[in-house]
file data_9.cif (mmCIF, C-alpha atoms)
data_model
loop_
_atom_site.group_PDB
_atom_site.id
_atom_site.type_symbol
_atom_site.label_atom_id
_atom_site.label_comp_id
_atom_site.auth_asym_id
_atom_site.auth_seq_id
_atom_site.Cartn_x
_atom_site.Cartn_y
_atom_site.Cartn_z
ATOM 1 C CA MET A 1 120.078 103.944 90.773
ATOM 2 C CA PRO A 2 123.742 102.893 90.464
ATOM 3 C CA VAL A 3 125.291 101.802 93.765
ATOM 4 C CA ASP A 4 128.507 103.763 94.438
ATOM 5 C CA LYS A 5 129.335 102.309 97.847
ATOM 6 C CA ASP A 6 128.702 99.049 99.682
ATOM 7 C CA LEU A 7 126.713 99.302 102.908
ATOM 8 C CA LYS A 8 129.660 98.036 104.977
ATOM 9 C CA ALA A 9 131.970 100.698 103.458
ATOM 10 C CA ALA A 10 129.582 103.634 104.067
ATOM 11 C CA LYS A 11 130.468 105.756 107.133
ATOM 12 C CA ALA A 12 128.129 108.343 108.663
ATOM 13 C CA ASN A 13 131.089 110.707 109.219
ATOM 14 C CA ASP A 14 131.470 111.139 105.440
ATOM 15 C CA TYR A 15 127.920 112.520 104.939
ATOM 16 C CA ASP A 16 125.535 115.249 106.150
ATOM 17 C CA ALA A 17 122.349 113.191 105.976
ATOM 18 C CA ILE A 18 120.802 109.805 105.232
ATOM 19 C CA VAL A 19 117.641 109.576 103.103
ATOM 20 C CA LEU A 20 115.627 106.349 103.397
ATOM 21 C CA PRO A 21 113.356 105.669 100.407
ATOM 22 C CA GLY A 22 110.103 103.731 100.733
ATOM 23 C CA GLY A 23 108.269 100.935 98.956
ATOM 24 C CA GLN A 24 106.778 97.916 100.680
ATOM 25 C CA ILE A 25 109.709 95.572 100.006
ATOM 26 C CA ASN A 26 112.914 97.608 100.536
ATOM 27 C CA PRO A 27 112.391 98.756 104.162
ATOM 28 C CA ASP A 28 111.014 95.305 105.060
ATOM 29 C CA LEU A 29 114.321 93.768 103.917
ATOM 30 C CA LEU A 30 116.497 96.471 105.512
ATOM 31 C CA ARG A 31 114.852 95.918 108.906
ATOM 32 C CA LEU A 32 116.629 92.570 109.005
ATOM 33 C CA ASN A 33 120.007 93.989 107.907
ATOM 34 C CA LYS A 34 122.136 94.809 110.961
ATOM 35 C CA ASP A 35 124.646 96.860 108.931
ATOM 36 C CA ALA A 36 121.824 99.073 107.642
ATOM 37 C CA LEU A 37 120.349 99.574 111.123
ATOM 38 C CA THR A 38 123.786 100.387 112.568
ATOM 39 C CA LEU A 39 124.490 102.941 109.824
ATOM 40 C CA ILE A 40 121.145 104.691 110.446
ATOM 41 C CA LYS A 41 121.827 104.788 114.202
ATOM 42 C CA ASN A 42 125.305 106.226 113.550
ATOM 43 C CA PHE A 43 123.760 109.132 111.580
ATOM 44 C CA TYR A 44 121.248 109.652 114.384
ATOM 45 C CA ASP A 45 123.802 109.520 117.205
ATOM 46 C CA ALA A 46 126.055 112.002 115.343
ATOM 47 C CA GLY A 47 123.202 114.561 115.264
ATOM 48 C CA LYS A 48 122.900 114.278 111.478
ATOM 49 C CA ILE A 49 119.727 114.459 109.386
ATOM 50 C CA VAL A 50 117.736 111.216 109.086
ATOM 51 C CA ALA A 51 114.951 111.405 106.486
ATOM 52 C CA ALA A 52 112.382 108.664 105.694
ATOM 53 C CA VAL A 53 109.393 108.545 103.336
ATOM 54 C CA CYS A 54 106.443 106.169 102.726
ATOM 55 C CA HIS A 55 107.250 102.778 104.369
ATOM 56 C CA ALA A 56 110.823 103.742 105.370
ATOM 57 C CA PRO A 57 109.695 105.019 108.818
ATOM 58 C CA TRP A 58 109.657 101.282 109.711
ATOM 59 C CA LEU A 59 113.447 101.706 109.917
ATOM 60 C CA LEU A 60 112.974 104.460 112.513
ATOM 61 C CA VAL A 61 110.703 102.029 114.400
ATOM 62 C CA GLU A 62 113.295 99.245 114.159
ATOM 63 C CA THR A 63 116.191 101.431 115.393
ATOM 64 C CA GLY A 64 114.131 102.966 118.227
ATOM 65 C CA ILE A 65 114.550 106.463 116.742
ATOM 66 C CA ALA A 66 110.743 106.830 116.380
ATOM 67 C CA LYS A 67 110.118 106.820 120.143
ATOM 68 C CA GLY A 68 108.816 110.190 121.353
ATOM 69 C CA LYS A 69 109.230 111.862 117.943
ATOM 70 C CA ARG A 70 106.635 113.802 115.961
ATOM 71 C CA MET A 71 106.482 111.853 112.679
ATOM 72 C CA THR A 72 104.435 110.855 109.684
ATOM 73 C CA SER A 73 104.529 107.796 107.366
ATOM 74 C CA TYR A 74 102.591 105.988 104.653
ATOM 75 C CA HIS A 75 99.061 105.532 106.035
ATOM 76 C CA SER A 76 99.212 101.712 106.175
ATOM 77 C CA ILE A 77 102.018 101.752 108.791
ATOM 78 C CA LYS A 78 100.545 104.544 110.942
ATOM 79 C CA THR A 79 99.626 102.016 113.667
ATOM 80 C CA ASP A 80 103.190 100.602 113.755
ATOM 81 C CA VAL A 81 104.659 104.101 114.072
ATOM 82 C CA ILE A 82 102.245 105.046 116.883
ATOM 83 C CA ASN A 83 102.853 101.715 118.674
ATOM 84 C CA ALA A 84 106.592 102.524 118.556
ATOM 85 C CA GLY A 85 105.911 105.607 120.696
ATOM 86 C CA ALA A 86 105.857 108.307 118.009
ATOM 87 C CA HIS A 87 103.333 111.140 117.722
ATOM 88 C CA TRP A 88 101.890 110.592 114.211
ATOM 89 C CA GLU A 89 100.763 113.592 112.136
ATOM 90 C CA ASP A 90 98.902 113.665 108.821
ATOM 91 C CA SER A 91 101.154 116.275 107.132
ATOM 92 C CA GLU A 92 103.167 116.315 103.894
ATOM 93 C CA VAL A 93 106.377 116.680 105.888
ATOM 94 C CA VAL A 94 107.078 116.505 109.630
ATOM 95 C CA THR A 95 110.416 117.518 111.179
ATOM 96 C CA ASP A 96 111.445 116.858 114.771
ATOM 97 C CA LYS A 97 115.079 117.369 115.841
ATOM 98 C CA GLY A 98 116.403 116.627 112.363
ATOM 99 C CA ILE A 99 114.188 113.571 111.798
ATOM 100 C CA ILE A 100 112.288 114.332 108.578
ATOM 101 C CA THR A 101 109.363 112.158 107.441
ATOM 102 C CA SER A 102 106.803 112.274 104.636
ATOM 103 C CA ARG A 103 103.758 110.154 103.726
ATOM 104 C CA ASN A 104 103.893 109.219 100.031
ATOM 105 C CA PRO A 105 105.283 110.144 96.577
ATOM 106 C CA ASN A 106 102.991 113.222 96.382
ATOM 107 C CA ASP A 107 104.926 114.717 99.304
ATOM 108 C CA LEU A 108 108.372 114.389 97.675
ATOM 109 C CA GLU A 109 108.745 118.071 96.791
ATOM 110 C CA ALA A 110 108.122 119.222 100.380
ATOM 111 C CA PHE A 111 110.247 116.331 101.693
ATOM 112 C CA SER A 112 113.262 117.190 99.488
ATOM 113 C CA LYS A 113 112.997 120.918 100.232
ATOM 114 C CA LYS A 114 112.943 120.278 103.978
ATOM 115 C CA ILE A 115 115.988 117.977 103.796
ATOM 116 C CA VAL A 116 118.024 120.744 102.107
ATOM 117 C CA GLU A 117 116.832 123.308 104.692
ATOM 118 C CA GLU A 118 117.753 121.091 107.616
ATOM 119 C CA ILE A 119 121.200 120.251 106.219
ATOM 120 C CA LYS A 120 121.874 123.998 105.895
ATOM 121 C CA GLU A 121 120.836 124.510 109.530
ATOM 122 C CA GLY A 122 123.497 122.049 110.689
ATOM 123 C CA ARG A 123 123.651 119.291 113.268
ATOM 124 C CA HIS A 124 120.911 118.568 115.784
ATOM 125 C CA ASN A 125 121.396 118.030 119.479
ATOM 126 C CA ARG A 126 119.067 115.063 120.163
ATOM 127 C CA ALA A 127 119.544 115.428 123.918
ATOM 128 C CA SER A 128 117.750 118.800 123.963
ATOM 129 C CA MET O 129 93.268 81.387 93.713
ATOM 130 C CA PRO O 130 89.775 81.981 92.271
ATOM 131 C CA VAL O 131 87.682 84.420 94.358
ATOM 132 C CA ASP O 132 84.306 82.861 95.231
ATOM 133 C CA LYS O 133 82.925 85.690 97.354
ATOM 134 C CA ASP O 134 83.339 89.461 97.546
ATOM 135 C CA LEU O 135 84.682 90.812 100.844
ATOM 136 C CA LYS O 136 81.457 92.750 101.506
ATOM 137 C CA ALA O 137 79.359 89.587 100.989
ATOM 138 C CA ALA O 138 81.447 87.364 103.312
ATOM 139 C CA LYS O 139 79.933 86.867 106.787
ATOM 140 C CA ALA O 140 81.812 85.401 109.742
ATOM 141 C CA ASN O 141 78.697 83.429 110.761
ATOM 142 C CA ASP O 142 78.990 81.282 107.617
ATOM 143 C CA TYR O 143 82.509 79.991 108.489
ATOM 144 C CA ASP O 144 84.489 78.252 111.235
ATOM 145 C CA ALA O 145 87.754 80.133 110.726
ATOM 146 C CA ILE O 146 89.552 82.854 108.800
ATOM 147 C CA VAL O 147 93.070 82.222 107.440
ATOM 148 C CA LEU O 148 95.151 85.297 106.575
ATOM 149 C CA PRO O 149 97.971 84.617 104.091
ATOM 150 C CA GLY O 150 101.194 86.631 104.067
ATOM 151 C CA GLY O 151 103.442 88.384 101.600
ATOM 152 C CA GLN O 152 104.727 91.919 101.949
ATOM 153 C CA ILE O 153 102.058 93.549 99.762
ATOM 154 C CA ASN O 154 98.737 91.838 100.552
ATOM 155 C CA PRO O 155 98.528 92.514 104.314
ATOM 156 C CA ASP O 156 99.863 96.062 103.771
ATOM 157 C CA LEU O 157 96.895 96.741 101.451
ATOM 158 C CA LEU O 158 94.343 94.975 103.666
ATOM 159 C CA ARG O 159 95.356 97.110 106.683
ATOM 160 C CA LEU O 160 93.752 100.053 104.895
ATOM 161 C CA ASN O 161 90.573 98.126 103.967
ATOM 162 C CA LYS O 162 87.882 98.720 106.601
ATOM 163 C CA ASP O 163 85.701 95.856 105.320
ATOM 164 C CA ALA O 164 88.610 93.419 105.747
ATOM 165 C CA LEU O 165 89.385 94.651 109.273
ATOM 166 C CA THR O 166 85.706 94.442 110.268
ATOM 167 C CA LEU O 167 85.411 90.881 108.919
ATOM 168 C CA ILE O 168 88.497 89.773 110.893
ATOM 169 C CA LYS O 169 87.131 91.398 114.074
ATOM 170 C CA ASN O 170 83.777 89.666 113.530
ATOM 171 C CA PHE O 171 85.521 86.259 113.442
ATOM 172 C CA TYR O 172 87.435 87.200 116.582
ATOM 173 C CA ASP O 173 84.410 88.506 118.484
ATOM 174 C CA ALA O 174 82.438 85.343 117.604
ATOM 175 C CA GLY O 175 85.148 83.193 119.243
ATOM 176 C CA LYS O 176 86.131 81.685 115.882
ATOM 177 C CA ILE O 177 89.631 80.703 114.744
ATOM 178 C CA VAL O 178 91.795 83.529 113.358
ATOM 179 C CA ALA O 179 95.012 82.280 111.710
ATOM 180 C CA ALA O 180 97.792 84.461 110.236
ATOM 181 C CA VAL O 181 101.174 83.606 108.697
ATOM 182 C CA CYS O 182 104.291 85.580 107.616
ATOM 183 C CA HIS O 183 103.355 89.301 107.325
ATOM 184 C CA ALA O 184 99.624 88.735 107.967
ATOM 185 C CA PRO O 185 100.029 89.249 111.758
ATOM 186 C CA TRP O 186 100.069 92.983 110.811
ATOM 187 C CA LEU O 187 96.288 92.519 110.480
ATOM 188 C CA LEU O 188 96.148 91.309 114.089
ATOM 189 C CA VAL O 189 98.141 94.434 115.026
ATOM 190 C CA GLU O 190 95.759 96.678 113.058
ATOM 191 C CA THR O 191 92.602 95.171 114.586
ATOM 192 C CA GLY O 192 94.021 95.225 118.142
ATOM 193 C CA ILE O 193 93.730 91.413 118.386
ATOM 194 C CA ALA O 194 97.502 91.088 118.960
ATOM 195 C CA LYS O 195 97.431 92.873 122.320
ATOM 196 C CA GLY O 196 98.331 90.517 125.172
ATOM 197 C CA LYS O 197 98.477 87.428 122.910
ATOM 198 C CA ARG O 198 101.296 84.916 122.576
ATOM 199 C CA MET O 199 102.149 85.121 118.868
ATOM 200 C CA THR O 200 104.757 84.723 116.185
ATOM 201 C CA SER O 201 105.231 86.363 112.745
ATOM 202 C CA TYR O 202 107.722 86.805 109.925
ATOM 203 C CA HIS O 203 110.968 88.020 111.556
ATOM 204 C CA SER O 204 110.946 91.450 109.894
ATOM 205 C CA ILE O 205 107.720 92.486 111.650
ATOM 206 C CA LYS O 206 108.629 91.087 115.084
ATOM 207 C CA THR O 207 109.141 94.634 116.453
ATOM 208 C CA ASP O 208 105.698 95.756 115.210
ATOM 209 C CA VAL O 209 104.027 92.730 116.824
ATOM 210 C CA ILE O 210 105.838 93.310 120.149
ATOM 211 C CA ASN O 211 105.055 97.057 120.045
ATOM 212 C CA ALA O 212 101.371 96.116 119.631
ATOM 213 C CA GLY O 213 101.510 94.399 123.018
ATOM 214 C CA ALA O 214 101.937 90.769 121.949
ATOM 215 C CA HIS O 215 104.327 88.239 123.483
ATOM 216 C CA TRP O 216 106.433 87.182 120.463
ATOM 217 C CA GLU O 217 107.785 83.605 120.273
ATOM 218 C CA ASP O 218 110.226 82.097 117.767
ATOM 219 C CA SER O 219 108.211 78.898 117.089
ATOM 220 C CA GLU O 220 106.822 77.275 113.932
ATOM 221 C CA VAL O 221 103.292 77.721 115.226
ATOM 222 C CA VAL O 222 101.917 79.584 118.257
ATOM 223 C CA THR O 223 98.310 79.253 119.458
ATOM 224 C CA ASP O 224 96.655 81.455 122.075
ATOM 225 C CA LYS O 225 92.872 81.313 122.566
ATOM 226 C CA GLY O 226 92.260 80.301 118.945
ATOM 227 C CA ILE O 227 94.665 82.857 117.477
ATOM 228 C CA ILE O 228 97.093 80.784 115.374
ATOM 229 C CA THR O 229 100.270 82.305 113.919
ATOM 230 C CA SER O 230 103.320 81.026 112.026
ATOM 231 C CA ARG O 231 106.555 82.629 110.820
ATOM 232 C CA ASN O 232 107.140 81.723 107.164
ATOM 233 C CA PRO O 233 106.382 79.247 104.345
ATOM 234 C CA ASN O 234 108.531 76.545 106.009
ATOM 235 C CA ASP O 235 106.021 76.489 108.882
ATOM 236 C CA LEU O 236 102.954 75.857 106.696
ATOM 237 C CA GLU O 237 102.589 72.174 107.550
ATOM 238 C CA ALA O 238 102.483 72.867 111.314
ATOM 239 C CA PHE O 239 100.279 75.927 110.702
ATOM 240 C CA SER O 240 97.689 74.011 108.646
ATOM 241 C CA LYS O 241 97.637 71.051 111.061
ATOM 242 C CA LYS O 242 97.032 73.366 114.029
ATOM 243 C CA ILE O 243 94.179 75.166 112.242
ATOM 244 C CA VAL O 244 92.376 71.836 111.673
ATOM 245 C CA GLU O 245 92.944 70.812 115.318
ATOM 246 C CA GLU O 246 91.602 74.104 116.666
ATOM 247 C CA ILE O 247 88.521 74.050 114.427
ATOM 248 C CA LYS O 248 87.728 70.535 115.739
ATOM 249 C CA GLU O 249 88.051 71.823 119.331
ATOM 250 C CA GLY O 250 85.342 74.411 118.685
ATOM 251 C CA ARG O 251 84.857 78.056 119.639
ATOM 252 C CA HIS O 252 87.105 79.969 121.997
ATOM 253 C CA ASN O 253 85.973 82.125 124.881
ATOM 254 C CA ARG O 254 88.254 85.172 124.545
ATOM 255 C CA ALA O 255 87.064 86.565 127.875
ATOM 256 C CA SER O 256 88.666 83.700 129.805
#
call {"tool": "encode", "arguments": {"input": "data_9.cif", "output": "structure tokens"}}
result
Amino acid sequence: MPVDKDLKAAKANDYDAIVLPGGQINPDLLRLNKDALTLIKNFYDAGKIVAAVCHAPWLLVETGIAKGKRMTSYHSIKTDVINAGAHWEDSEVVTDKGIITSRNPNDLEAFSKKIVEEIKEGRHNRAS
Amino acid sequence: MPVDKDLKAAKANDYDAIVLPGGQINPDLLRLNKDALTLIKNFYDAGKIVAAVCHAPWLLVETGIAKGKRMTSYHSIKTDVINAGAHWEDSEVVTDKGIITSRNPNDLEAFSKKIVEEIKEGRHNRAS
């Protein structure tokens, strides 16, 4: 995937949604990157779509977004997601106030479809 | 590292301690392996030494051993360890009732030395 913008240059205001891909290594590195965590929180605070698949829900744990949300994740991090205060579900895609999560690569079709649907619906009021 | 015994054949009674190595992949796979989790719990329940470094503290999260313990881990999983109910410390080695943890490869000398010390001290009463 060619990189078209540096993390520091990316602004939540310029986009409708952020999609966080998985893998065991990438989210583990991003958890330690303050610019990445700030960008994710900026999307969340602006009521925009935040989507995460496989191991990327760790980033929702790290930013505190997971707390109180209905969510799913790759099975191996289920305990971390539950310990962060989320309500974990074993479904191909789970949506709660614009937070969209899926379990693994087999769920990508449902995950992508739901992201498009939610973007069309517009912004989410996280206070409600 | 040559494997000298299958996981199913390994019995906690035959050893003084279990040492869980890190890496991002290995502990993530072992979290989903019931035989591995049972073996770790058997060491713990028998009052034997359980040592974990880098990302391996995830296995102490998964087995519930982390709860209430003073511990450390690789920095990226600090939030997961805290969310599991542990008291996280930024030290090269942390020992609490025979549970020995270190942060990263730079800590291995202190980690290994502490494991030998604790094995010489004998079994730990986890109820105390």
call {"tool": "residues_around", "arguments": {"input": "data_9.cif", "residues": "stretch 118-122 of chain A", "least_positions_apart": "6", "cutoff": "9 Å", "atoms": "all atoms listed in the file", "output": "list in words"}}
result
Asp16, Ala17, Gly47, Lys48, Ile49, Thr95, Gly98 and Ile100 of chain A
call {"tool": "resolve_selection", "arguments": {"input": "data_9.cif", "expression": "the PyMOL selection byres ((chain A and resi 103) around 9)", "output": "list in words"}}
result
Ala52, Val53, Cys54, His55, Thr72, Ser73, Tyr74, His75, Asp90, Ser91, Glu92, Val93, Thr101, Ser102, Asn104, Pro105, Asn106, Asp107 and Leu108 of chain A
call {"tool": "calpha_fit_and_write", "arguments": {"input": "data_9.cif", "fixed": "chain O", "moving": "chain A", "output": "PDB file with C-alpha atoms, in the frame of the given file"}}
result
ATOM      1  CA  MET A   1      93.231  81.386  93.694  1.00  0.00           C
ATOM      2  CA  PRO A   2      89.740  82.005  92.260  1.00  0.00           C
ATOM      3  CA  VAL A   3      87.657  84.427  94.330  1.00  0.00           C
ATOM      4  CA  ASP A   4      84.286  82.854  95.223  1.00  0.00           C
ATOM      5  CA  LYS A   5      82.907  85.681  97.353  1.00  0.00           C
ATOM      6  CA  ASP A   6      83.338  89.445  97.553  1.00  0.00           C
ATOM      7  CA  LEU A   7      84.681  90.804 100.836  1.00  0.00           C
ATOM      8  CA  LYS A   8      81.462  92.747 101.497  1.00  0.00           C
ATOM      9  CA  ALA A   9      79.354  89.581 100.983  1.00  0.00           C
ATOM     10  CA  ALA A  10      81.450  87.373 103.312  1.00  0.00           C
ATOM     11  CA  LYS A  11      79.914  86.872 106.787  1.00  0.00           C
ATOM     12  CA  ALA A  12      81.807  85.396 109.744  1.00  0.00           C
ATOM     13  CA  ASN A  13      78.689  83.424 110.770  1.00  0.00           C
ATOM     14  CA  ASP A  14      78.996  81.276 107.623  1.00  0.00           C
ATOM     15  CA  TYR A  15      82.510  79.985 108.486  1.00  0.00           C
ATOM     16  CA  ASP A  16      84.501  78.238 111.241  1.00  0.00           C
ATOM     17  CA  ALA A  17      87.755  80.126 110.730  1.00  0.00           C
ATOM     18  CA  ILE A  18      89.568  82.851 108.806  1.00  0.00           C
ATOM     19  CA  VAL A  19      93.076  82.214 107.441  1.00  0.00           C
ATOM     20  CA  LEU A  20      95.147  85.299 106.577  1.00  0.00           C
ATOM     21  CA  PRO A  21      97.962  84.623 104.091  1.00  0.00           C
ATOM     22  CA  GLY A  22     101.184  86.639 104.081  1.00  0.00           C
ATOM     23  CA  GLY A  23     103.442  88.377 101.588  1.00  0.00           C
ATOM     24  CA  GLN A  24     104.725  91.915 101.963  1.00  0.00           C
ATOM     25  CA  ILE A  25     102.081  93.545  99.751  1.00  0.00           C
ATOM     26  CA  ASN A  26      98.743  91.840 100.557  1.00  0.00           C
ATOM     27  CA  PRO A  27      98.531  92.525 104.329  1.00  0.00           C
ATOM     28  CA  ASP A  28      99.875  96.059 103.767  1.00  0.00           C
ATOM     29  CA  LEU A  29      96.912  96.739 101.451  1.00  0.00           C
ATOM     30  CA  LEU A  30      94.355  94.984 103.680  1.00  0.00           C
ATOM     31  CA  ARG A  31      95.366  97.119 106.672  1.00  0.00           C
ATOM     32  CA  LEU A  32      93.757 100.047 104.880  1.00  0.00           C
ATOM     33  CA  ASN A  33      90.580  98.128 103.957  1.00  0.00           C
ATOM     34  CA  LYS A  34      87.886  98.717 106.589  1.00  0.00           C
ATOM     35  CA  ASP A  35      85.704  95.847 105.312  1.00  0.00           C
ATOM     36  CA  ALA A  36      88.612  93.421 105.742  1.00  0.00           C
ATOM     37  CA  LEU A  37      89.391  94.655 109.265  1.00  0.00           C
ATOM     38  CA  THR A  38      85.711  94.446 110.256  1.00  0.00           C
ATOM     39  CA  LEU A  39      85.412  90.883 108.928  1.00  0.00           C
ATOM     40  CA  ILE A  40      88.499  89.775 110.897  1.00  0.00           C
ATOM     41  CA  LYS A  41      87.128  91.395 114.072  1.00  0.00           C
ATOM     42  CA  ASN A  42      83.769  89.660 113.526  1.00  0.00           C
ATOM     43  CA  PHE A  43      85.517  86.247 113.449  1.00  0.00           C
ATOM     44  CA  TYR A  44      87.439  87.199 116.587  1.00  0.00           C
ATOM     45  CA  ASP A  45      84.415  88.503 118.497  1.00  0.00           C
ATOM     46  CA  ALA A  46      82.434  85.341 117.613  1.00  0.00           C
ATOM     47  CA  GLY A  47      85.132  83.170 119.257  1.00  0.00           C
ATOM     48  CA  LYS A  48      86.143  81.683 115.900  1.00  0.00           C
ATOM     49  CA  ILE A  49      89.638  80.701 114.759  1.00  0.00           C
ATOM     50  CA  VAL A  50      91.797  83.525 113.369  1.00  0.00           C
ATOM     51  CA  ALA A  51      95.004  82.283 111.719  1.00  0.00           C
ATOM     52  CA  ALA A  52      97.799  84.461 110.241  1.00  0.00           C
ATOM     53  CA  VAL A  53     101.176  83.613 108.696  1.00  0.00           C
ATOM     54  CA  CYS A  54     104.294  85.570 107.616  1.00  0.00           C
ATOM     55  CA  HIS A  55     103.353  89.295 107.322  1.00  0.00           C
ATOM     56  CA  ALA A  56      99.616  88.741 107.973  1.00  0.00           C
ATOM     57  CA  PRO A  57     100.025  89.257 111.762  1.00  0.00           C
ATOM     58  CA  TRP A  58     100.069  92.980 110.815  1.00  0.00           C
ATOM     59  CA  LEU A  59      96.291  92.526 110.486  1.00  0.00           C
ATOM     60  CA  LEU A  60      96.147  91.310 114.099  1.00  0.00           C
ATOM     61  CA  VAL A  61      98.138  94.440 115.032  1.00  0.00           C
ATOM     62  CA  GLU A  62      95.766  96.674 113.054  1.00  0.00           C
ATOM     63  CA  THR A  63      92.594  95.177 114.598  1.00  0.00           C
ATOM     64  CA  GLY A  64      94.020  95.223 118.147  1.00  0.00           C
ATOM     65  CA  ILE A  65      93.723  91.420 118.399  1.00  0.00           C
ATOM     66  CA  ALA A  66      97.510  91.103 118.961  1.00  0.00           C
ATOM     67  CA  LYS A  67      97.426  92.881 122.335  1.00  0.00           C
ATOM     68  CA  GLY A  68      98.324  90.516 125.185  1.00  0.00           C
ATOM     69  CA  LYS A  69      98.473  87.440 122.925  1.00  0.00           C
ATOM     70  CA  ARG A  70     101.299  84.924 122.585  1.00  0.00           C
ATOM     71  CA  MET A  71     102.148  85.139 118.867  1.00  0.00           C
ATOM     72  CA  THR A  72     104.758  84.731 116.188  1.00  0.00           C
ATOM     73  CA  SER A  73     105.237  86.363 112.746  1.00  0.00           C
ATOM     74  CA  TYR A  74     107.726  86.798 109.918  1.00  0.00           C
ATOM     75  CA  HIS A  75     110.955  88.003 111.560  1.00  0.00           C
ATOM     76  CA  SER A  76     110.957  91.443 109.887  1.00  0.00           C
ATOM     77  CA  ILE A  77     107.716  92.489 111.652  1.00  0.00           C
ATOM     78  CA  LYS A  78     108.634  91.079 115.082  1.00  0.00           C
ATOM     79  CA  THR A  79     109.147  94.620 116.446  1.00  0.00           C
ATOM     80  CA  ASP A  80     105.697  95.749 115.207  1.00  0.00           C
ATOM     81  CA  VAL A  81     104.036  92.731 116.827  1.00  0.00           C
ATOM     82  CA  ILE A  82     105.840  93.305 120.149  1.00  0.00           C
ATOM     83  CA  ASN A  83     105.064  97.055 120.049  1.00  0.00           C
ATOM     84  CA  ALA A  84     101.379  96.112 119.627  1.00  0.00           C
ATOM     85  CA  GLY A  85     101.508  94.403 123.034  1.00  0.00           C
ATOM     86  CA  ALA A  86     101.935  90.772 121.964  1.00  0.00           C
ATOM     87  CA  HIS A  87     104.336  88.247 123.493  1.00  0.00           C
ATOM     88  CA  TRP A  88     106.429  87.175 120.464  1.00  0.00           C
ATOM     89  CA  GLU A  89     107.782  83.610 120.262  1.00  0.00           C
ATOM     90  CA  ASP A  90     110.220  82.098 117.767  1.00  0.00           C
ATOM     91  CA  SER A  91     108.203  78.902 117.092  1.00  0.00           C
ATOM     92  CA  GLU A  92     106.826  77.277 113.929  1.00  0.00           C
ATOM     93  CA  VAL A  93     103.288  77.729 115.231  1.00  0.00           C
ATOM     94  CA  VAL A  94     101.914  79.582 118.264  1.00  0.00           C
ATOM     95  CA  THR A  95      98.303  79.249 119.456  1.00  0.00           C
ATOM     96  CA  ASP A  96      96.657  81.447 122.074  1.00  0.00           C
ATOM     97  CA  LYS A  97      92.868  81.323 122.564  1.00  0.00           C
ATOM     98  CA  GLY A  98      92.248  80.311 118.960  1.00  0.00           C
ATOM     99  CA  ILE A  99      94.668  82.857 117.467  1.00  0.00           C
ATOM    100  CA  ILE A 100      97.095  80.781 115.380  1.00  0.00           C
ATOM    101  CA  THR A 101     100.277  82.314 113.932  1.00  0.00           C
ATOM    102  CA  SER A 102     103.305  81.031 112.029  1.00  0.00           C
ATOM    103  CA  ARG A 103     106.561  82.627 110.824  1.00  0.00           C
ATOM    104  CA  ASN A 104     107.157  81.740 107.163  1.00  0.00           C
ATOM    105  CA  PRO A 105     106.391  79.259 104.339  1.00  0.00           C
ATOM    106  CA  ASN A 106     108.535  76.549 106.019  1.00  0.00           C
ATOM    107  CA  ASP A 107     106.024  76.488 108.884  1.00  0.00           C
ATOM    108  CA  LEU A 108     102.959  75.867 106.681  1.00  0.00           C
ATOM    109  CA  GLU A 109     102.588  72.181 107.548  1.00  0.00           C
ATOM    110  CA  ALA A 110     102.480  72.850 111.308  1.00  0.00           C
ATOM    111  CA  PHE A 111     100.284  75.920 110.715  1.00  0.00           C
ATOM    112  CA  SER A 112      97.694  74.001 108.641  1.00  0.00           C
ATOM    113  CA  LYS A 113      97.644  71.057 111.059  1.00  0.00           C
ATOM    114  CA  LYS A 114      97.032  73.358 114.021  1.00  0.00           C
ATOM    115  CA  ILE A 115      94.183  75.172 112.234  1.00  0.00           C
ATOM    116  CA  VAL A 116      92.370  71.847 111.671  1.00  0.00           C
ATOM    117  CA  GLU A 117      92.943  70.827 115.320  1.00  0.00           C
ATOM    118  CA  GLU A 118      91.598  74.101 116.658  1.00  0.00           C
ATOM    119  CA  ILE A 119      88.513  74.040 114.419  1.00  0.00           C
ATOM    120  CA  LYS A 120      87.739  70.542 115.746  1.00  0.00           C
ATOM    121  CA  GLU A 121      88.060  71.817 119.327  1.00  0.00           C
ATOM    122  CA  GLY A 122      85.346  74.410 118.700  1.00  0.00           C
ATOM    123  CA  ARG A 123      84.843  78.038 119.631  1.00  0.00           C
ATOM    124  CA  HIS A 124      87.099  79.967 121.987  1.00  0.00           C
ATOM    125  CA  ASN A 125      85.962  82.131 124.851  1.00  0.00           C
ATOM    126  CA  ARG A 126      88.258  85.181 124.504  1.00  0.00           C
ATOM    127  CA  ALA A 127      87.077  86.573 127.840  1.00  0.00           C
ATOM    128  CA  SER A 128      88.674  83.690 129.772  1.00  0.00           C
TER     129      SER A 128
END
call {"tool": "closest_atom_pairs", "arguments": {"input": "data_9.cif", "of": "chain O", "to": "chain A", "cutoff": "7 Å", "atoms": "all atoms listed in the file", "output": "tab-separated table"}}
result
residue	atom	partner	partner_atom	distance
O:Gln152	CA	A:Gln24	CA	6.5
O:Ile153	CA	A:Gln24	CA	6.5
O:Asp156	CA	A:Ser76	CA	6.2
O:Arg159	CA	A:Ser76	CA	6.0
O:Leu160	CA	A:Ser76	CA	5.8
O:Glu190	CA	A:Thr79	CA	6.6
O:Ser204	CA	A:Leu32	CA	5.9
O:Thr207	CA	A:Glu62	CA	6.6
O:Asp208	CA	A:Asp80	CA	5.6
O:Asn211	CA	A:Asn83	CA	5.3
O:Ala212	CA	A:Asn83	CA	5.9
call {"tool": "atom_distance", "arguments": {"input": "data_9.cif", "atom1": "atom CA of O:His215", "atom2": "atom CA of O:Tyr172"}}
result
18.3 Å
call {"tool": "residues_around", "arguments": {"input": "data_9.cif", "residues": "stretch 166-168 of chain O", "least_positions_apart": "6", "cutoff": "10 Å", "atoms": "all atoms listed in the file", "output": "number ranges by chain"}}
result
O: 135-136, 138-140, 145-148, 176-179, 187-188, 191, 193
call {"tool": "axis_aligned_box", "arguments": {"input": "data_9.cif", "around": "stretch 34-48 of chain A", "padding_each_side": "3 Å", "output": "AutoDock Vina command-line options"}}
result
--center_x 123.2 --center_y 104.7 --center_z 112.4 --size_x 11.7 --size_y 25.8 --size_z 15.6
